[in-house]
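> What follows is data.tsv; its format and atoms are TSV, C-alpha atoms and all ligand atoms.
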chain	number	residue	atom	x	y	z
V	10	MET	CA	40.90	18.48	35.90
V	11	PHE	CA	39.79	15.00	36.86
V	12	PHE	CA	37.38	13.91	39.59
V	13	GLY	CA	36.86	10.32	40.61
V	14	GLY	CA	34.19	9.03	42.95
V	15	ASN	CA	35.44	5.88	44.67
V	16	TRP	CA	32.35	4.12	45.96
V	17	LYS	CA	34.36	1.27	47.54
V	18	LEU	CA	32.30	-1.63	48.95
V	19	ASN	CA	29.06	0.35	49.24
V	20	GLY	CA	25.64	0.43	47.67
V	21	SER	CA	22.92	-1.78	46.25
V	22	ARG	CA	21.15	-1.78	42.88
V	23	GLU	CA	18.53	0.48	44.38
V	24	SER	CA	20.83	2.98	46.10
V	25	ILE	CA	23.14	3.15	43.09
V	26	HIS	CA	20.19	3.80	40.79
V	27	GLN	CA	19.11	6.65	43.04
V	28	LEU	CA	22.63	8.10	43.30
V	29	THR	CA	23.08	7.85	39.52
V	30	GLN	CA	19.89	9.79	38.84
V	31	GLU	CA	21.03	12.53	41.21
V	32	LEU	CA	24.52	12.66	39.70
V	33	LYS	CA	23.12	13.02	36.18
V	34	VAL	CA	21.19	16.10	37.27
V	35	GLY	CA	23.90	17.55	39.50
V	36	ILE	CA	26.95	17.09	37.28
V	37	THR	CA	26.76	18.45	33.76
V	38	THR	CA	30.12	20.18	33.35
V	39	THR	CA	32.35	19.29	30.46
V	40	LYS	CA	35.28	21.22	31.93
V	41	ALA	CA	36.46	18.28	34.03
V	42	ARG	CA	36.54	14.55	33.48
V	43	VAL	CA	34.22	12.93	36.01
V	44	VAL	CA	34.38	9.18	36.63
V	45	VAL	CA	32.59	6.99	39.16
V	46	PHE	CA	34.36	3.82	40.30
V	47	ALA	CA	31.76	1.21	41.14
V	48	PRO	CA	31.82	-2.41	42.37
V	49	PHE	CA	32.24	-4.85	39.46
V	50	VAL	CA	28.76	-6.32	39.58
V	51	TYR	CA	27.09	-2.95	39.02
V	52	LEU	CA	29.32	-1.74	36.18
V	53	SER	CA	27.22	-2.83	33.19
V	54	GLU	CA	24.01	-1.36	34.54
V	55	LEU	CA	25.78	1.85	35.52
V	56	ILE	CA	27.42	2.26	32.11
V	57	GLU	CA	24.01	1.89	30.50
V	58	SER	CA	22.35	4.42	32.78
V	59	LEU	CA	25.14	7.01	32.43
V	60	LYS	CA	25.56	6.74	28.68
V	61	ASP	CA	23.77	10.02	27.95
V	62	SER	CA	25.64	11.92	30.65
V	63	VAL	CA	29.08	13.51	31.05
V	64	ILE	CA	29.97	10.96	33.72
V	65	GLN	CA	32.19	8.03	32.82
V	66	VAL	CA	32.57	4.72	34.61
V	67	GLY	CA	35.56	2.92	36.07
V	68	ALA	CA	36.34	-0.23	38.06
V	69	GLN	CA	38.00	-0.20	41.48
V	70	ASN	CA	40.41	-3.01	40.70
V	71	VAL	CA	41.59	-5.34	37.93
V	72	SER	CA	43.43	-8.64	37.77
V	73	ASP	CA	47.19	-8.77	37.26
V	74	GLN	CA	46.59	-11.73	34.94
V	75	ALA	CA	45.20	-11.65	31.40
V	76	GLU	CA	43.14	-14.86	31.45
V	77	GLY	CA	43.05	-18.44	32.61
V	78	ALA	CA	42.81	-20.33	35.89
V	79	PHE	CA	42.49	-17.38	38.29
V	80	THR	CA	39.23	-17.97	40.13
V	81	GLY	CA	37.45	-14.82	41.21
V	82	GLU	CA	39.50	-12.43	39.08
V	83	VAL	CA	38.25	-9.87	36.54
V	84	SER	CA	40.55	-8.99	33.64
V	85	ALA	CA	41.24	-5.64	32.01
V	86	ALA	CA	39.88	-6.97	28.71
V	87	MET	CA	36.61	-7.93	30.44
V	88	LEU	CA	36.27	-4.43	31.87
V	89	LYS	CA	36.82	-2.92	28.44
V	90	ASP	CA	34.38	-5.42	26.96
V	91	VAL	CA	31.52	-4.18	29.16
V	92	GLY	CA	32.31	-0.55	28.32
V	93	CYS	CA	34.48	0.57	31.23
V	94	ASP	CA	36.79	3.50	30.51
V	95	TYR	CA	38.94	3.73	33.64
V	96	VAL	CA	40.34	1.60	36.43
V	97	LEU	CA	41.81	2.36	39.86
V	98	ILE	CA	45.13	0.61	40.38
V	99	GLY	CA	47.06	0.31	43.62
V	100	HIS	CA	44.58	1.89	46.00
V	101	SER	CA	46.04	1.78	49.51
V	102	GLU	CA	43.24	-0.51	50.69
V	103	ARG	CA	44.29	-3.01	47.99
V	104	ARG	CA	47.93	-2.63	48.96
V	105	SER	CA	47.46	-2.99	52.70
V	106	ILE	CA	44.46	-5.32	53.11
V	107	TYR	CA	45.01	-7.51	50.04
V	108	HIS	CA	48.81	-7.36	50.02
V	109	GLU	CA	49.25	-5.99	46.52
V	110	ASP	CA	52.89	-5.16	45.95
V	111	ASP	CA	54.52	-2.76	43.54
V	112	ALA	CA	55.40	-5.49	41.03
V	113	MET	CA	51.78	-6.64	40.89
V	114	ILE	CA	50.66	-3.06	40.43
V	115	ALA	CA	53.12	-2.67	37.53
V	116	ARG	CA	51.60	-5.75	35.85
V	117	LYS	CA	48.10	-4.34	36.31
V	118	MET	CA	49.17	-1.03	34.76
V	119	ARG	CA	50.53	-2.86	31.70
V	120	LEU	CA	47.42	-5.01	31.24
V	121	ALA	CA	45.03	-2.09	31.76
V	122	ILE	CA	46.76	0.00	29.11
V	123	ASP	CA	46.99	-2.95	26.72
V	124	ALA	CA	43.23	-3.37	27.05
V	125	GLY	CA	42.57	0.32	26.32
V	126	LEU	CA	41.64	1.34	29.86
V	127	ARG	CA	42.90	4.57	31.45
V	128	PRO	CA	44.51	3.72	34.80
V	129	VAL	CA	44.30	5.95	37.86
V	130	LEU	CA	47.45	4.95	39.74
V	131	CYS	CA	47.16	5.49	43.50
V	132	VAL	CA	50.23	6.21	45.60
V	133	GLY	CA	50.65	7.48	49.15
V	134	GLU	CA	52.57	7.06	52.36
V	135	THR	CA	51.48	5.85	55.79
V	136	LEU	CA	51.73	8.07	58.87
V	137	ASP	CA	54.86	6.22	60.09
V	138	VAL	CA	56.63	6.94	56.83
V	139	ARG	CA	55.63	10.61	56.93
V	140	GLU	CA	56.74	11.00	60.54
V	141	ALA	CA	60.09	9.45	59.68
V	142	GLY	CA	60.53	12.14	57.01
V	143	ASP	CA	60.50	9.61	54.16
V	144	ALA	CA	57.19	10.41	52.51
V	145	GLU	CA	58.54	11.83	49.27
V	146	ALA	CA	61.10	9.07	48.64
V	147	PHE	CA	58.45	6.45	49.44
V	148	VAL	CA	55.86	7.84	47.04
V	149	ILE	CA	58.38	8.35	44.24
V	150	GLN	CA	59.54	4.75	44.64
V	151	GLN	CA	55.92	3.51	44.37
V	152	LEU	CA	55.53	5.57	41.23
V	153	LYS	CA	58.80	4.44	39.71
V	154	VAL	CA	58.04	0.73	40.03
V	155	ALA	CA	54.46	1.10	38.79
V	156	LEU	CA	55.64	2.83	35.63
V	157	THR	CA	58.55	0.54	34.76
V	158	GLU	CA	56.75	-1.26	31.96
V	159	LEU	CA	55.29	1.84	30.28
V	160	ASN	CA	56.60	4.02	27.46
V	161	ASP	CA	56.47	7.83	27.48
V	162	GLN	CA	53.15	8.23	25.71
V	163	GLU	CA	51.54	5.63	27.97
V	164	ILE	CA	52.81	7.44	31.05
V	165	ALA	CA	51.51	10.74	29.69
V	166	ASP	CA	47.98	9.27	29.49
V	167	ILE	CA	47.65	8.01	33.07
V	168	ILE	CA	46.21	9.81	36.06
V	169	VAL	CA	48.15	9.77	39.33
V	170	ALA	CA	46.22	9.95	42.61
V	171	TYR	CA	48.23	11.02	45.63
V	172	GLU	CA	46.41	9.62	48.63
V	173	PRO	CA	48.21	9.86	51.97
V	174	VAL	CA	47.03	6.73	53.79
V	175	TRP	CA	46.56	8.65	57.06
V	176	ALA	CA	44.03	10.94	55.36
V	177	ILE	CA	41.82	8.26	53.77
V	178	GLY	CA	38.46	7.96	55.48
V	179	THR	CA	39.83	9.60	58.61
V	180	GLY	CA	38.59	13.17	58.23
V	181	GLN	CA	42.23	14.21	58.65
V	182	VAL	CA	42.94	15.95	55.36
V	183	ALA	CA	46.46	16.87	54.20
V	184	THR	CA	47.05	20.61	54.31
V	185	PRO	CA	47.10	22.29	50.90
V	186	GLU	CA	50.84	22.89	51.41
V	187	GLN	CA	51.58	19.24	52.27
V	188	ALA	CA	49.60	18.07	49.26
V	189	GLN	CA	51.11	20.65	46.88
V	190	THR	CA	54.66	19.74	47.99
V	191	MET	CA	54.04	16.07	47.19
V	192	HIS	CA	52.21	16.79	43.93
V	193	HIS	CA	55.11	18.97	42.85
V	194	ALA	CA	57.60	16.19	43.66
V	195	ILE	CA	55.47	13.74	41.65
V	196	ARG	CA	55.33	16.12	38.67
V	197	ASP	CA	59.07	16.66	38.92
V	198	TYR	CA	59.68	12.92	38.83
V	199	LEU	CA	57.32	12.53	35.86
V	200	SER	CA	59.13	15.36	34.03
V	201	GLY	CA	62.32	13.34	34.35
V	202	GLU	CA	60.51	10.43	32.66
V	203	VAL	CA	58.47	12.14	29.97
V	204	GLU	CA	59.76	15.74	29.88
V	205	SER	CA	57.19	18.28	28.70
V	206	LEU	CA	54.38	15.68	28.61
V	207	ALA	CA	54.35	15.69	32.42
V	208	GLU	CA	52.63	19.10	32.43
V	209	GLY	CA	49.50	17.53	30.98
V	210	ILE	CA	49.23	14.65	33.47
V	211	ASP	CA	46.41	15.05	35.98
V	212	ILE	CA	47.78	14.53	39.50
V	213	ILE	CA	44.79	14.35	41.81
V	214	TYR	CA	44.51	14.41	45.60
V	215	GLY	CA	42.57	11.88	47.66
V	216	GLY	CA	41.94	11.61	51.41
V	217	SER	CA	38.98	13.20	53.18
V	218	MET	CA	38.30	15.71	50.40
V	219	LYS	CA	35.00	17.44	51.18
V	220	PRO	CA	33.09	20.47	49.89
V	221	ASP	CA	34.55	22.66	52.65
V	222	ASN	CA	38.23	21.84	52.01
V	223	ALA	CA	38.13	21.25	48.24
V	224	SER	CA	38.78	24.76	46.99
V	225	SER	CA	41.91	25.31	49.09
V	226	LEU	CA	43.37	22.04	47.79
V	227	LEU	CA	42.25	22.54	44.20
V	228	SER	CA	43.71	26.04	44.02
V	229	GLN	CA	47.24	24.62	44.39
V	230	ASP	CA	49.32	24.64	41.20
V	231	ASP	CA	49.94	20.92	40.94
V	232	ILE	CA	46.59	19.61	42.21
V	233	ASN	CA	44.46	18.76	39.19
V	234	GLY	CA	41.40	17.24	40.80
V	235	GLY	CA	40.38	14.73	43.42
V	236	LEU	CA	39.70	11.09	44.20
V	237	ILE	CA	36.79	11.18	46.57
V	238	GLY	CA	35.56	8.32	48.73
V	239	GLY	CA	32.99	9.08	51.43
V	240	ALA	CA	31.77	12.35	49.95
V	241	SER	CA	31.19	10.76	46.52
V	242	LEU	CA	28.34	8.69	47.94
V	243	LYS	CA	26.25	11.85	48.27
V	244	ALA	CA	25.53	13.46	44.91
V	245	SER	CA	25.27	16.96	46.37
V	246	GLU	CA	28.69	16.71	48.07
V	247	PHE	CA	30.42	15.20	45.04
V	248	ALA	CA	28.92	17.90	42.80
V	249	ALA	CA	29.93	20.63	45.27
V	250	ILE	CA	33.56	19.41	45.27
V	251	ILE	CA	33.65	19.46	41.47
V	252	GLY	CA	31.97	22.85	41.52
V	253	ALA	CA	34.75	24.16	43.79
V	254	CYS	CA	37.05	24.28	40.77
V	255	VAL	CA	34.72	24.30	37.79
V	256	VAL	CA	32.90	27.61	37.68
B	1	LIG	P1	37.92	9.34	51.44
B	1	LIG	O1	38.52	8.19	50.49
B	1	LIG	O2	37.53	10.49	50.55
B	1	LIG	O3	36.72	8.69	52.09
B	1	LIG	O4	38.98	9.70	52.41
B	1	LIG	C1	39.38	8.48	49.42
B	1	LIG	C2	39.82	7.22	48.74
B	1	LIG	O5	40.04	6.21	49.42
B	1	LIG	O6	39.96	7.18	47.50
Spell out the structure here as structure tokens.
Ligand code: PGA

Amino acid sequence: MFFGGNWKLNGSRESIHQLTQELKVGITTTKARVVVFAPFVYLSELIESLKDSVIQVGAQNVSDQAEGAFTGEVSAAMLKDVGCDYVLIGHSERRSIYHEDDAMIARKMRLAIDAGLRPVLCVGETLDVREAGDAEAFVIQQLKVALTELNDQEIADIIVAYEPVWAIGTGQVATPEQAQTMHHAIRDYLSGEVESLAEGIDIIYGGSMKPDNASSLLSQDDINGGLIGGASLKASEFAAIIGACVV
């Protein structure tokens, strides 16, 4: 099981310090991997303050370039250098607002793995695509392109986050059946790529996951955790979601 807290563009040194103290007390399980994805500028301080806890730290984005004249970018090697363990790649907000395409996401995956980071690859369809009946083909295509440059063992080590765009930040959560159907299709595709290794890949759900809907989602066979936005900004809610599967 894997739980990510995606803090997005939220927080200050003070509020993050407060949240971190609460998370350290509220989350002590070793039965799930727990990672918080913070804005770049707070990563170093956060890594230092979480070093004696079970909670690991990730970045929300990474450059698709290794180094050089790319003003404003942060490389995978830099993230590793400051002690980051994980990175989100291809979040729908990056894809839609910042026009990241599948080829760029594939480059980011390669660079992240080369630097020793564990990528959490985000995929998910928009409402239009779902209503047209194309959700599964769309998500599998996103996955396929993102993984093109990776070998079997590298694929086996990633985390896939299925995040239907229409469920992110909207309060409109996918039903457990909708999510399970997509997670199963993702696992099926991965099995075609890496055979038995696909069983061990954490495929997590994201999109309005809250304490009151977490257990019905997490009890599905192919849902191995969550990527949580809004609810991860409150330590008690994030801990309650994790507690919904870790007893
Ligand atoms: P949400 O965000 O939990 O606020 O819907 C999830 C995400 O964007 O990762």
> Throw together the list of residues within 8 Å of ligand LIG 1 (chain B), counting all atoms listed in the file, and drop it here as a list in words.
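So, counting all atoms listed in the file, the residues near ligand LIG 1 (chain B) are Gly14, Asn15, Lys17, His100, Ser101, Glu102, Glu172, Ala176, Ile177, Gly178, Thr179, Gly180, Val182, Gly215, Gly216, Ser217, Met218, Lys219, Leu236, Ile237, Gly238, Gly239, Ala240 and Ser241 of chain V.
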> Report, in Å to a single decimal, how far apart CA of Phe11 (chain V) and CA of Ala41 (chain V) are.
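Between these atoms lies a distance of 5.5 Å.
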> Counting only C-alpha atoms, which residue out of V:Lys40, V:Lys153, V:Lys243, V:Arg139 sits closest to Ile64 (chain V)?
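The answer is V:Lys40, which sits nearest to Ile64 (chain V).
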> Name the closest residue to Asn160 (chain V) among the candidates V:Met113, V:Cys93, V:Arg119, V:Asn233; distances are taken between atoms, counting all atoms listed in the file.
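Answer, going by the shortest atom-to-atom distance: V:Arg119.
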> Residues near Ser84 (chain V), anyone? I mean within 9 Å using only C-alpha atoms, not counting same-chain ones fewer than 6 positions away, as a compact mmCIF listing (two decimals) with C-alpha atoms, in the frame of the given file.

# COMPACT_ATOMS: atom_id res chain seq x y z
CA VAL V 71 41.59 -5.34 37.93
CA SER V 72 43.43 -8.64 37.77
CA ASP V 73 47.19 -8.77 37.26
CA GLN V 74 46.59 -11.73 34.94
CA ALA V 75 45.20 -11.65 31.40
CA GLU V 76 43.14 -14.86 31.45
CA LEU V 120 47.42 -5.01 31.24
CA ALA V 121 45.03 -2.09 31.76
> Using all atoms listed in the file, which of the listed residues (V:Ile251, V:Met87, V:Cys131, V:Ala194) sits closest to Tyr214 (chain V)?
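Smallest distance to Tyr214 (chain V) is found for V:Cys131.
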